[in-house]
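What follows is coords-v7.json (JSON, C-alpha atoms).
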[["chain", "number", "residue", "atom", "x", "y", "z"],
["A", 1, "MET", "CA", 9.06, 64.59, -15.78],
["A", 2, "LYS", "CA", 6.97, 61.47, -16.26],
["A", 3, "TYR", "CA", 9.82, 59.31, -14.93],
["A", 4, "ILE", "CA", 10.33, 61.54, -11.91],
["A", 5, "PHE", "CA", 6.64, 61.27, -11.10],
["A", 6, "LEU", "CA", 6.73, 57.47, -11.43],
["A", 7, "ILE", "CA", 9.81, 57.20, -9.22],
["A", 8, "SER", "CA", 8.05, 59.37, -6.63],
["A", 9, "ILE", "CA", 5.06, 57.04, -6.59],
["A", 10, "ILE", "CA", 7.30, 54.00, -6.16],
["A", 11, "PHE", "CA", 9.20, 55.71, -3.34],
["A", 12, "LEU", "CA", 6.03, 56.69, -1.54],
["A", 13, "SER", "CA", 4.66, 53.16, -1.90],
["A", 14, "ILE", "CA", 7.83, 51.68, -0.43],
["A", 15, "TYR", "CA", 7.73, 54.27, 2.36],
["A", 16, "HIS", "CA", 4.13, 53.39, 3.16],
["A", 17, "ILE", "CA", 4.81, 49.64, 3.16],
["A", 18, "GLY", "CA", 7.86, 50.11, 5.36],
["A", 19, "PHE", "CA", 5.86, 51.86, 8.03],
["A", 20, "ALA", "CA", 2.66, 49.80, 7.86],
["A", 21, "GLN", "CA", 4.13, 47.23, 10.17],
["A", 22, "GLU", "CA", 2.27, 44.48, 11.90],
["A", 23, "LYS", "CA", 1.36, 45.02, 15.52],
["A", 24, "GLN", "CA", 4.06, 43.47, 17.68],
["A", 25, "PRO", "CA", 2.97, 40.98, 20.34],
["A", 26, "ASN", "CA", 3.18, 41.48, 24.09],
["A", 27, "ASN", "CA", 5.60, 39.07, 25.74],
["A", 28, "LEU", "CA", 5.16, 38.24, 29.42],
["A", 29, "LEU", "CA", 7.70, 35.97, 31.08],
["A", 30, "ILE", "CA", 6.77, 35.09, 34.65],
["A", 31, "ILE", "CA", 9.53, 34.05, 37.08],
["A", 32, "ILE", "CA", 8.14, 32.40, 40.19],
["A", 33, "ASP", "CA", 10.07, 31.64, 43.37],
["A", 34, "SER", "CA", 9.61, 28.05, 44.55],
["A", 35, "SER", "CA", 12.31, 28.15, 47.20],
["A", 36, "ARG", "CA", 11.93, 26.61, 50.64],
["A", 37, "SER", "CA", 10.82, 29.87, 52.25],
["A", 38, "MET", "CA", 7.70, 29.90, 50.07],
["A", 39, "LEU", "CA", 6.31, 27.32, 52.52],
["A", 40, "GLN", "CA", 5.88, 30.15, 55.02],
["A", 41, "LEU", "CA", 2.55, 31.88, 55.51],
["A", 42, "THR", "CA", 1.36, 35.27, 54.39],
["A", 43, "ARG", "CA", -0.13, 37.63, 56.95],
["A", 44, "ASP", "CA", -3.59, 36.28, 56.17],
["A", 45, "GLY", "CA", -2.47, 32.74, 56.95],
["A", 46, "LYS", "CA", -2.05, 31.33, 53.43],
["A", 47, "GLU", "CA", 1.05, 29.48, 52.19],
["A", 48, "LYS", "CA", 3.11, 31.86, 50.07],
["A", 49, "LEU", "CA", 3.48, 29.51, 47.11],
["A", 50, "TRP", "CA", -0.22, 28.68, 47.22],
["A", 51, "SER", "CA", -0.95, 32.41, 47.15],
["A", 52, "ALA", "CA", 1.36, 32.86, 44.16],
["A", 53, "LYS", "CA", -0.26, 30.00, 42.26],
["A", 54, "THR", "CA", -3.73, 31.38, 42.99],
["A", 55, "ALA", "CA", -2.80, 34.89, 41.81],
["A", 56, "LEU", "CA", -1.24, 33.61, 38.59],
["A", 57, "ASN", "CA", -4.12, 31.24, 37.87],
["A", 58, "LYS", "CA", -6.50, 34.19, 38.09],
["A", 59, "LEU", "CA", -4.19, 36.20, 35.86],
["A", 60, "MET", "CA", -4.30, 33.50, 33.16],
["A", 61, "ASP", "CA", -8.06, 33.97, 32.95],
["A", 62, "LYS", "CA", -7.64, 37.70, 32.29],
["A", 63, "LEU", "CA", -4.81, 37.79, 29.74],
["A", 64, "PRO", "CA", -5.66, 38.17, 26.03],
["A", 65, "SER", "CA", -5.10, 34.97, 24.07],
["A", 66, "ASP", "CA", -2.67, 36.72, 21.70],
["A", 67, "THR", "CA", -0.29, 37.48, 24.58],
["A", 68, "ASN", "CA", 2.92, 35.46, 24.52],
["A", 69, "VAL", "CA", 3.29, 33.98, 28.01],
["A", 70, "GLY", "CA", 6.15, 31.95, 29.46],
["A", 71, "LEU", "CA", 6.82, 30.50, 32.90],
["A", 72, "MET", "CA", 10.21, 30.16, 34.60],
["A", 73, "VAL", "CA", 10.67, 28.61, 38.04],
["A", 74, "PHE", "CA", 13.59, 28.36, 40.42],
["A", 75, "GLY", "CA", 14.13, 26.35, 43.60],
["A", 76, "HIS", "CA", 11.47, 23.77, 42.77],
["A", 77, "ARG", "CA", 13.53, 20.54, 42.55],
["A", 78, "GLU", "CA", 16.79, 20.64, 44.54],
["A", 79, "LYS", "CA", 17.44, 21.87, 48.09],
["A", 80, "ASN", "CA", 20.78, 23.65, 47.70],
["A", 81, "LYS", "CA", 21.33, 24.02, 43.95],
["A", 82, "CYS", "CA", 21.74, 27.53, 42.59],
["A", 83, "ASP", "CA", 21.28, 26.25, 39.04],
["A", 84, "ASP", "CA", 17.87, 24.76, 39.83],
["A", 85, "ILE", "CA", 16.21, 27.02, 37.26],
["A", 86, "GLU", "CA", 13.83, 25.84, 34.57],
["A", 87, "ILE", "CA", 11.72, 27.38, 31.84],
["A", 88, "VAL", "CA", 8.80, 25.04, 32.39],
["A", 89, "LEU", "CA", 6.78, 26.75, 29.68],
["A", 90, "PRO", "CA", 8.60, 28.57, 26.86],
["A", 91, "LEU", "CA", 7.13, 31.83, 25.63],
["A", 92, "ALA", "CA", 4.15, 31.15, 23.34],
["A", 93, "PRO", "CA", 0.64, 32.50, 22.59],
["A", 94, "LEU", "CA", -1.80, 31.81, 25.41],
["A", 95, "THR", "CA", -4.01, 29.48, 23.38],
["A", 96, "ASP", "CA", -4.37, 26.87, 26.13],
["A", 97, "ARG", "CA", -4.57, 28.39, 29.61],
["A", 98, "THR", "CA", -4.87, 25.00, 31.30],
["A", 99, "ILE", "CA", -1.25, 24.08, 30.47],
["A", 100, "ILE", "CA", 0.28, 26.91, 32.47],
["A", 101, "LYS", "CA", -2.17, 26.30, 35.32],
["A", 102, "GLU", "CA", -1.18, 22.63, 35.43],
["A", 103, "LYS", "CA", 2.52, 23.58, 35.50],
["A", 104, "LEU", "CA", 1.90, 25.99, 38.38],
["A", 105, "ASN", "CA", -0.01, 23.43, 40.40],
["A", 106, "THR", "CA", 2.88, 20.92, 40.32],
["A", 107, "LEU", "CA", 5.35, 23.28, 42.04],
["A", 108, "LYS", "CA", 6.63, 22.52, 45.55],
["A", 109, "PRO", "CA", 8.79, 24.85, 47.71],
["A", 110, "THR", "CA", 12.23, 23.24, 47.87],
["A", 111, "GLY", "CA", 15.42, 25.16, 47.18],
["A", 112, "VAL", "CA", 17.26, 28.50, 47.17],
["A", 113, "THR", "CA", 16.85, 31.89, 45.48],
["A", 114, "PRO", "CA", 19.13, 32.46, 42.44],
["A", 115, "LEU", "CA", 17.63, 35.75, 41.27],
["A", 116, "THR", "CA", 20.57, 36.86, 39.11],
["A", 117, "MET", "CA", 20.91, 33.59, 37.20],
["A", 118, "SER", "CA", 17.15, 33.41, 36.70],
["A", 119, "LEU", "CA", 16.97, 36.94, 35.29],
["A", 120, "GLU", "CA", 19.93, 36.24, 33.02],
["A", 121, "GLN", "CA", 18.31, 33.12, 31.62],
["A", 122, "ALA", "CA", 15.05, 35.04, 31.18],
["A", 123, "ALA", "CA", 16.83, 37.69, 29.08],
["A", 124, "GLU", "CA", 18.53, 34.96, 27.04],
["A", 125, "HIS", "CA", 15.12, 33.44, 26.33],
["A", 126, "LEU", "CA", 13.41, 36.75, 25.49],
["A", 127, "LYS", "CA", 16.03, 37.85, 22.95],
["A", 128, "LYS", "CA", 14.55, 35.30, 20.52],
["A", 129, "PHE", "CA", 11.22, 37.12, 20.38],
["A", 130, "LYS", "CA", 9.98, 40.33, 18.78],
["A", 131, "GLY", "CA", 7.62, 42.70, 20.54],
["A", 132, "LYS", "CA", 7.36, 44.41, 23.90],
["A", 133, "SER", "CA", 8.67, 42.22, 26.71],
["A", 134, "THR", "CA", 7.95, 42.22, 30.43],
["A", 135, "ILE", "CA", 9.49, 40.05, 33.12],
["A", 136, "LEU", "CA", 7.28, 39.56, 36.16],
["A", 137, "LEU", "CA", 9.41, 38.37, 39.08],
["A", 138, "LEU", "CA", 7.47, 37.03, 42.05],
["A", 139, "THR", "CA", 9.63, 36.23, 45.09],
["A", 140, "ASP", "CA", 9.66, 36.30, 48.88],
["A", 141, "GLY", "CA", 13.35, 37.01, 49.36],
["A", 142, "LYS", "CA", 16.66, 38.37, 48.17],
["A", 143, "GLU", "CA", 19.45, 36.76, 46.16],
["A", 144, "THR", "CA", 21.01, 33.77, 48.00],
["A", 145, "CYS", "CA", 23.48, 32.62, 45.35],
["A", 146, "GLY", "CA", 25.96, 35.49, 45.39],
["A", 147, "GLY", "CA", 24.84, 37.41, 42.31],
["A", 148, "ASN", "CA", 23.97, 41.07, 41.79],
["A", 149, "PRO", "CA", 20.51, 41.03, 40.16],
["A", 150, "ALA", "CA", 20.09, 44.82, 39.84],
["A", 151, "LYS", "CA", 23.43, 45.14, 38.03],
["A", 152, "LEU", "CA", 22.51, 42.27, 35.72],
["A", 153, "VAL", "CA", 19.16, 43.85, 34.87],
["A", 154, "SER", "CA", 20.71, 47.26, 34.19],
["A", 155, "ASN", "CA", 22.93, 45.63, 31.52],
["A", 156, "ILE", "CA", 20.27, 43.52, 29.77],
["A", 157, "SER", "CA", 19.68, 45.99, 26.94],
["A", 158, "ALA", "CA", 23.37, 46.38, 26.12],
["A", 159, "LYS", "CA", 24.20, 42.68, 26.47],
["A", 160, "TYR", "CA", 21.20, 41.11, 24.76],
["A", 161, "GLY", "CA", 20.01, 43.86, 22.44],
["A", 162, "ILE", "CA", 16.46, 43.83, 23.78],
["A", 163, "ILE", "CA", 14.25, 46.23, 25.67],
["A", 164, "VAL", "CA", 12.51, 44.58, 28.58],
["A", 165, "ILE", "CA", 10.66, 45.91, 31.60],
["A", 166, "VAL", "CA", 11.19, 44.10, 34.90],
["A", 167, "ASP", "CA", 8.39, 44.32, 37.45],
["A", 168, "VAL", "CA", 8.88, 42.75, 40.88],
["A", 169, "VAL", "CA", 6.44, 41.59, 43.54],
["A", 170, "GLY", "CA", 7.92, 41.02, 47.00],
["A", 171, "LEU", "CA", 5.78, 38.68, 49.07],
["A", 172, "ASN", "CA", 5.95, 39.45, 52.78],
["A", 173, "VAL", "CA", 9.63, 40.49, 52.62],
["A", 174, "THR", "CA", 11.92, 42.18, 55.17],
["A", 175, "ALA", "CA", 13.21, 45.74, 54.81],
["A", 176, "VAL", "CA", 16.60, 44.46, 53.57],
["A", 177, "GLU", "CA", 15.00, 42.14, 51.02],
["A", 178, "LYS", "CA", 12.67, 44.90, 49.86],
["A", 179, "LYS", "CA", 15.62, 47.21, 49.21],
["A", 180, "GLN", "CA", 17.23, 44.73, 46.83],
["A", 181, "LEU", "CA", 13.96, 43.94, 45.05],
["A", 182, "GLU", "CA", 13.20, 47.64, 44.60],
["A", 183, "ALA", "CA", 16.65, 48.08, 43.06],
["A", 184, "ILE", "CA", 15.91, 45.29, 40.54],
["A", 185, "ALA", "CA", 12.63, 46.92, 39.49],
["A", 186, "LYS", "CA", 14.25, 50.34, 39.19],
["A", 187, "ALA", "CA", 17.11, 48.95, 37.06],
["A", 188, "GLY", "CA", 14.54, 47.23, 34.83],
["A", 189, "GLY", "CA", 12.41, 50.35, 34.34],
["A", 190, "GLY", "CA", 9.51, 48.68, 36.11],
["A", 191, "ASN", "CA", 7.65, 48.89, 39.40],
["A", 192, "TYR", "CA", 8.06, 47.22, 42.76],
["A", 193, "TYR", "CA", 4.97, 45.97, 44.60],
["A", 194, "SER", "CA", 4.83, 44.88, 48.24],
["A", 195, "ALA", "CA", 2.33, 42.12, 48.98],
["A", 196, "ASN", "CA", 1.87, 40.91, 52.54],
["A", 197, "THR", "CA", -1.34, 38.94, 52.01],
["A", 198, "SER", "CA", -2.69, 36.64, 49.32],
["A", 199, "TYR", "CA", -5.21, 39.34, 48.39],
["A", 200, "GLU", "CA", -2.49, 41.97, 47.96],
["A", 201, "LEU", "CA", -0.49, 39.54, 45.83],
["A", 202, "THR", "CA", -3.42, 38.92, 43.48],
["A", 203, "ALA", "CA", -4.00, 42.68, 43.19],
["A", 204, "ALA", "CA", -0.31, 43.39, 42.48],
["A", 205, "VAL", "CA", -0.08, 40.75, 39.74],
["A", 206, "SER", "CA", -3.28, 42.05, 38.18],
["A", 207, "ASP", "CA", -2.01, 45.66, 38.26],
["A", 208, "ILE", "CA", 1.22, 44.70, 36.50],
["A", 209, "ALA", "CA", -0.61, 42.82, 33.77],
["A", 210, "GLU", "CA", -3.09, 45.65, 33.25],
["A", 211, "GLU", "CA", -0.28, 48.16, 32.95],
["A", 212, "ARG", "CA", 1.80, 46.09, 30.55],
["A", 213, "VAL", "CA", -0.41, 43.91, 28.38],
["A", 214, "ILE", "CA", -4.18, 44.17, 28.95],
["A", 215, "GLU", "CA", -6.54, 46.53, 27.15],
["A", 216, "ILE", "CA", -9.17, 47.28, 29.77],
["A", 217, "GLU", "CA", -12.84, 47.35, 28.77],
["A", 218, "VAL", "CA", -15.33, 48.92, 31.16],
["A", 219, "ASN", "CA", -19.06, 48.30, 30.91],
["A", 220, "ILE", "CA", -21.38, 51.14, 31.90],
["A", 221, "ASN", "CA", -25.08, 50.52, 32.47],
["A", 222, "ALA", "CA", -27.07, 52.98, 30.37],
["A", 223, "ASN", "CA", -30.16, 52.36, 32.50],
["A", 224, "SER", "CA", -28.62, 54.47, 35.26],
["A", 225, "PRO", "CA", -28.58, 57.95, 33.63],
["A", 226, "GLY", "CA", -26.42, 60.54, 35.31],
["A", 227, "LYS", "CA", -24.50, 57.90, 37.25],
["A", 228, "GLU", "CA", -20.73, 58.24, 37.20],
["A", 229, "GLY", "CA", -18.51, 55.27, 36.33],
["A", 230, "GLN", "CA", -14.87, 54.50, 37.03],
["A", 231, "VAL", "CA", -12.40, 53.61, 34.28],
["A", 232, "ARG", "CA", -8.88, 52.23, 34.55],
["A", 233, "THR", "CA", -6.37, 52.09, 31.73],
["A", 234, "LEU", "CA", -2.74, 51.35, 30.97],
["A", 235, "THR", "CA", 0.56, 53.25, 30.57],
["A", 236, "ASP", "CA", 3.08, 53.91, 27.72],
["A", 237, "LYS", "CA", 4.30, 56.78, 25.40],
["A", 238, "HIS", "CA", 2.24, 59.74, 23.94],
["A", 239, "LEU", "CA", -1.37, 60.16, 22.70],
["A", 240, "GLY", "CA", -3.94, 57.69, 23.96],
["A", 241, "THR", "CA", -7.09, 56.45, 22.22],
["A", 242, "LEU", "CA", -10.60, 56.65, 23.60],
["A", 243, "SER", "CA", -13.15, 54.31, 22.01],
["A", 244, "ILE", "CA", -16.83, 54.41, 22.98],
["A", 245, "ASN", "CA", -19.22, 51.61, 21.99],
["A", 246, "TYR", "CA", -22.93, 52.05, 22.63],
["A", 247, "SER", "CA", -26.07, 50.04, 21.88],
["A", 248, "HIS", "CA", -28.71, 52.78, 22.04],
["A", 249, "ILE", "CA", -29.35, 56.09, 20.25],
["A", 250, "VAL", "CA", -26.72, 58.74, 20.94],
["A", 251, "ASN", "CA", -26.94, 62.14, 19.26],
["A", 252, "SER", "CA", -23.95, 63.84, 20.86],
["A", 253, "ILE", "CA", -20.83, 62.90, 22.78],
["A", 254, "TYR", "CA", -19.03, 65.57, 24.81],
["A", 255, "ILE", "CA", -15.58, 65.17, 26.33],
["A", 256, "TYR", "CA", -14.42, 67.39, 29.20],
["A", 257, "ASP", "CA", -11.01, 67.83, 30.75],
["A", 258, "LYS", "CA", -11.40, 66.67, 34.36],
["A", 259, "ASN", "CA", -9.06, 69.32, 35.76],
["A", 260, "THR", "CA", -10.25, 72.40, 33.85],
["A", 261, "ASN", "CA", -13.84, 71.27, 33.20],
["A", 262, "GLN", "CA", -13.36, 72.60, 29.65],
["A", 263, "ARG", "CA", -14.80, 70.74, 26.70],
["A", 264, "VAL", "CA", -12.10, 69.24, 24.47],
["A", 265, "ASP", "CA", -11.94, 67.75, 21.01],
["A", 266, "GLY", "CA", -9.97, 64.69, 20.07],
["A", 267, "LYS", "CA", -6.79, 65.08, 18.07],
["A", 268, "ALA", "CA", -6.04, 63.82, 14.55],
["A", 269, "MET", "CA", -8.78, 61.20, 14.42],
["A", 270, "TRP", "CA", -12.53, 61.05, 14.89],
["A", 271, "ILE", "CA", -13.95, 57.75, 13.70],
["A", 272, "HIS", "CA", -17.72, 57.65, 13.75],
["A", 273, "LEU", "CA", -18.97, 54.19, 12.85],
["A", 274, "GLU", "CA", -22.38, 52.77, 13.64],
["A", 275, "ASN", "CA", -22.59, 52.69, 17.44],
["A", 276, "GLN", "CA", -18.94, 53.65, 17.90],
["A", 277, "TYR", "CA", -16.80, 56.75, 18.38],
["A", 278, "SER", "CA", -13.01, 56.78, 18.61],
["A", 279, "THR", "CA", -10.57, 59.62, 19.08],
["A", 280, "TYR", "CA", -7.00, 60.39, 20.11],
["A", 281, "LEU", "CA", -6.56, 62.37, 23.33],
["A", 282, "GLU", "CA", -3.69, 63.83, 25.29],
["A", 283, "PRO", "CA", -2.91, 61.77, 28.42],
["A", 284, "GLY", "CA", -4.97, 62.91, 31.39],
["A", 285, "LEU", "CA", -8.30, 62.57, 33.21],
["A", 286, "TYR", "CA", -11.57, 63.14, 31.36],
["A", 287, "ARG", "CA", -15.33, 63.10, 31.79],
["A", 288, "ILE", "CA", -17.67, 62.19, 28.95],
["A", 289, "GLU", "CA", -21.38, 62.74, 28.45],
["A", 290, "LEU", "CA", -23.59, 60.84, 26.00],
["A", 291, "HIS", "CA", -26.73, 62.76, 25.01],
["A", 292, "SER", "CA", -29.82, 61.47, 23.20],
["A", 293, "SER", "CA", -32.87, 63.26, 21.79],
["A", 294, "SER", "CA", -35.28, 61.33, 24.02],
["A", 295, "GLY", "CA", -35.15, 63.87, 26.82],
["A", 296, "LYS", "CA", -33.50, 61.43, 29.24],
["A", 297, "GLU", "CA", -30.67, 62.48, 31.50],
["A", 298, "PRO", "CA", -27.30, 62.20, 29.75],
["A", 299, "ILE", "CA", -25.11, 59.26, 30.65],
["A", 300, "LYS", "CA", -22.08, 60.61, 32.50],
["A", 301, "ILE", "CA", -18.84, 58.67, 32.88],
["A", 302, "ASP", "CA", -16.22, 60.24, 35.09],
["A", 303, "ASN", "CA", -12.54, 59.68, 35.89],
["A", 304, "ILE", "CA", -11.57, 58.29, 32.51],
["A", 305, "LYS", "CA", -7.80, 58.08, 32.56],
["A", 306, "ILE", "CA", -6.12, 58.29, 29.17],
["A", 307, "ASN", "CA", -2.54, 57.09, 29.22],
["A", 308, "PRO", "CA", 0.05, 57.39, 26.43],
["A", 309, "ASN", "CA", -0.04, 55.08, 23.42],
["A", 310, "LYS", "CA", -2.84, 52.93, 24.84],
["A", 311, "LYS", "CA", -6.50, 52.40, 24.05],
["A", 312, "THR", "CA", -9.34, 52.78, 26.55],
["A", 313, "THR", "CA", -12.60, 51.13, 25.47],
["A", 314, "ILE", "CA", -15.91, 52.00, 27.11],
["A", 315, "ASN", "CA", -18.96, 49.84, 26.45],
["A", 316, "VAL", "CA", -22.27, 51.57, 27.18],
["A", 317, "ASN", "CA", -25.02, 48.95, 27.36]]
Before anything else, please render the file you have as structure tokens.
Amino acid sequence: MKYIFLISIIFLSIYHIGFAQEKQPNNLLIIIDSSRSMLQLTRDGKEKLWSAKTALNKLMDKLPSDTNVGLMVFGHREKNKCDDIEIVLPLAPLTDRTIIKEKLNTLKPTGVTPLTMSLEQAAEHLKKFKGKSTILLLTDGKETCGGNPAKLVSNISAKYGIIVIVDVVGLNVTAVEKKQLEAIAKAGGGNYYSANTSYELTAAVSDIAEERVIEIEVNINANSPGKEGQVRTLTDKHLGTLSINYSHIVNSIYIYDKNTNQRVDGKAMWIHLENQYSTYLEPGLYRIELHSSSGKEPIKIDNIKINPNKKTTINVN
């Protein structure tokens, strides 16, 4: 009996170790179109490639430093070469944001649009890395080198043994071009975004990054009691986490389902540390109220969206 008990302990220890895995990194490989047509202007009068560089430069300032980021470019050196594709920055932690910004700023619109070959080389590169991978394709046109990019993307998992999401931003594209780009995003399990202006491009790139790799923190001013705030979060699988940080005295925190107005409790976990609450919640919209014993109006934060398998952090200052 003693031996059976000992074996059970060893088994449980191995089981625990096996499942206490390290958090996998987020991999973001950006493919940017530097073909000749990127010299054209957006609807707000900005050069397309300039708009793309600006949007990605702003994105670099927002991404967490532990995100693995890589940059691939096509059409930036040769006028009519379908193999003019280069990984100018291999996937690596974003420890020095200036490097990728410098690489972006050297690009000049020159060549053609080999979408299929670019996506294939991106998959080949990503198969070397663990973690959740996203390809962000930013282009102003359809395939011009005879490939079938949507078909290629639909076979990435089977061919390369990786799971990757492909999001696509079409910059001021025609209806025909949009159709092909939408098909690429659909095949890659991602989203397609239309951007006709530099502003829309920046917003689209930001939305993709927030959905795939960024944990959003929202600061609420506690000096405005009763004022409602807006919270945005990200998207993935099942229960989401709500974490509330506060710097003043809070006696009670109430969570309400936005649709039913019923008070709800978190599932499986309530962590109450000094100045912090955390809980798991079903995906959905919520309202929270923070009450103190001072007699002041409670702080109300509305439209908190909890999405699956992601954490929403609210800082109440």
May I have the residues within 8 Å of Leu91 of chain A as a PyMOL selection string, using all atoms listed in the file and disregarding those fewer than 3 positions away in the same chain? chain A and resi 27-29+68-71+126
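Distances from A:Val166, A:Leu242, A:Leu56, A:Leu104 to Ser133 of chain A were compared using only C-alpha atoms, and the smallest one belongs to A:Val166.
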Length of the atom CA of Asp207 of chain A to atom CA of Ser51 of chain A vector [Å]: 16.0 Å
Applying 7 Å and only C-alpha atoms, which residues near Gly141 of chain A remain after dropping the ones on its own chain fewer than 2 positions away? List them as a list in words. Thr139, Glu143, Val173 and Glu177 of chain A
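For the choices A:Leu107, A:Ile184, A:Ile99, A:Ala175, the atom-to-atom distance to Asp33 of chain A is smallest for A:Leu107 when using all atoms listed in the file.
For the set A:Ile162, A:Leu59, A:Val73, A:Ala185, the residue with the smallest atom-to-atom gap to Pro109 of chain A is A:Val73, counting only C-alpha atoms.
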Using all atoms listed in the file, find the one residue out of A:Thr116, A:Asn57, A:Asn261, A:Ser65 that sits nearest to Pro149 of chain A.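 Looking only at the distances to Pro149 of chain A, the closest residue turns out to be A:Thr116.
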Residue neighbourhood segment 120-125 of chain A, 12 Å, all atoms listed in the file, exclusion window fewer than 2 positions, as a PDB file with C-alpha atoms, keeping the file's coordinate frame:
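Written output follows (around_29.pdb):
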ATOM      1  CA  ASN A  27       5.600  39.070  25.740  1.00  0.00           C
ATOM      2  CA  LEU A  28       5.160  38.240  29.420  1.00  0.00           C
ATOM      3  CA  LEU A  29       7.700  35.970  31.080  1.00  0.00           C
ATOM      4  CA  ILE A  30       6.770  35.090  34.650  1.00  0.00           C
ATOM      5  CA  ILE A  31       9.530  34.050  37.080  1.00  0.00           C
ATOM      6  CA  ILE A  32       8.140  32.400  40.190  1.00  0.00           C
ATOM      7  CA  VAL A  69       3.290  33.980  28.010  1.00  0.00           C
ATOM      8  CA  GLY A  70       6.150  31.950  29.460  1.00  0.00           C
ATOM      9  CA  LEU A  71       6.820  30.500  32.900  1.00  0.00           C
ATOM     10  CA  MET A  72      10.210  30.160  34.600  1.00  0.00           C
ATOM     11  CA  VAL A  73      10.670  28.610  38.040  1.00  0.00           C
ATOM     12  CA  PHE A  74      13.590  28.360  40.420  1.00  0.00           C
ATOM     13  CA  ASP A  83      21.280  26.250  39.040  1.00  0.00           C
ATOM     14  CA  ASP A  84      17.870  24.760  39.830  1.00  0.00           C
ATOM     15  CA  ILE A  85      16.210  27.020  37.260  1.00  0.00           C
ATOM     16  CA  GLU A  86      13.830  25.840  34.570  1.00  0.00           C
ATOM     17  CA  ILE A  87      11.720  27.380  31.840  1.00  0.00           C
ATOM     18  CA  VAL A  88       8.800  25.040  32.390  1.00  0.00           C
ATOM     19  CA  LEU A  89       6.780  26.750  29.680  1.00  0.00           C
ATOM     20  CA  PRO A  90       8.600  28.570  26.860  1.00  0.00           C
ATOM     21  CA  LEU A  91       7.130  31.830  25.630  1.00  0.00           C
ATOM     22  CA  ALA A  92       4.150  31.150  23.340  1.00  0.00           C
ATOM     23  CA  PRO A 114      19.130  32.460  42.440  1.00  0.00           C
ATOM     24  CA  LEU A 115      17.630  35.750  41.270  1.00  0.00           C
ATOM     25  CA  THR A 116      20.570  36.860  39.110  1.00  0.00           C
ATOM     26  CA  MET A 117      20.910  33.590  37.200  1.00  0.00           C
ATOM     27  CA  SER A 118      17.150  33.410  36.700  1.00  0.00           C
ATOM     28  CA  LYS A 127      16.030  37.850  22.950  1.00  0.00           C
ATOM     29  CA  LYS A 128      14.550  35.300  20.520  1.00  0.00           C
ATOM     30  CA  PHE A 129      11.220  37.120  20.380  1.00  0.00           C
ATOM     31  CA  LYS A 130       9.980  40.330  18.780  1.00  0.00           C
ATOM     32  CA  SER A 133       8.670  42.220  26.710  1.00  0.00           C
ATOM     33  CA  THR A 134       7.950  42.220  30.430  1.00  0.00           C
ATOM     34  CA  ILE A 135       9.490  40.050  33.120  1.00  0.00           C
ATOM     35  CA  LEU A 136       7.280  39.560  36.160  1.00  0.00           C
ATOM     36  CA  LEU A 137       9.410  38.370  39.080  1.00  0.00           C
ATOM     37  CA  GLY A 147      24.840  37.410  42.310  1.00  0.00           C
ATOM     38  CA  ASN A 148      23.970  41.070  41.790  1.00  0.00           C
ATOM     39  CA  PRO A 149      20.510  41.030  40.160  1.00  0.00           C
ATOM     40  CA  ALA A 150      20.090  44.820  39.840  1.00  0.00           C
ATOM     41  CA  LYS A 151      23.430  45.140  38.030  1.00  0.00           C
ATOM     42  CA  LEU A 152      22.510  42.270  35.720  1.00  0.00           C
ATOM     43  CA  VAL A 153      19.160  43.850  34.870  1.00  0.00           C
ATOM     44  CA  SER A 154      20.710  47.260  34.190  1.00  0.00           C
ATOM     45  CA  ASN A 155      22.930  45.630  31.520  1.00  0.00           C
ATOM     46  CA  ILE A 156      20.270  43.520  29.770  1.00  0.00           C
ATOM     47  CA  SER A 157      19.680  45.990  26.940  1.00  0.00           C
ATOM     48  CA  ALA A 158      23.370  46.380  26.120  1.00  0.00           C
ATOM     49  CA  LYS A 159      24.200  42.680  26.470  1.00  0.00           C
ATOM     50  CA  TYR A 160      21.200  41.110  24.760  1.00  0.00           C
ATOM     51  CA  GLY A 161      20.010  43.860  22.440  1.00  0.00           C
ATOM     52  CA  ILE A 162      16.460  43.830  23.780  1.00  0.00           C
ATOM     53  CA  ILE A 163      14.250  46.230  25.670  1.00  0.00           C
ATOM     54  CA  VAL A 164      12.510  44.580  28.580  1.00  0.00           C
ATOM     55  CA  ILE A 165      10.660  45.910  31.600  1.00  0.00           C
ATOM     56  CA  VAL A 166      11.190  44.100  34.900  1.00  0.00           C
ATOM     57  CA  GLY A 188      14.540  47.230  34.830  1.00  0.00           C
TER      58      GLY A 188
END
Work out how far apart atom CA of Ala195 of chain A and atom CA of Gly170 of chain A are and give it in Å to one decimal.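 Straight-line distance from atom CA of Ala195 of chain A to atom CA of Gly170 of chain A works out to 6.0 Å.
Considering only C-alpha atoms, the residue among A:Arg36, A:Lys132, A:Lys79, A:Lys179 positioned nearest to Lys48 of chain A is A:Arg36.
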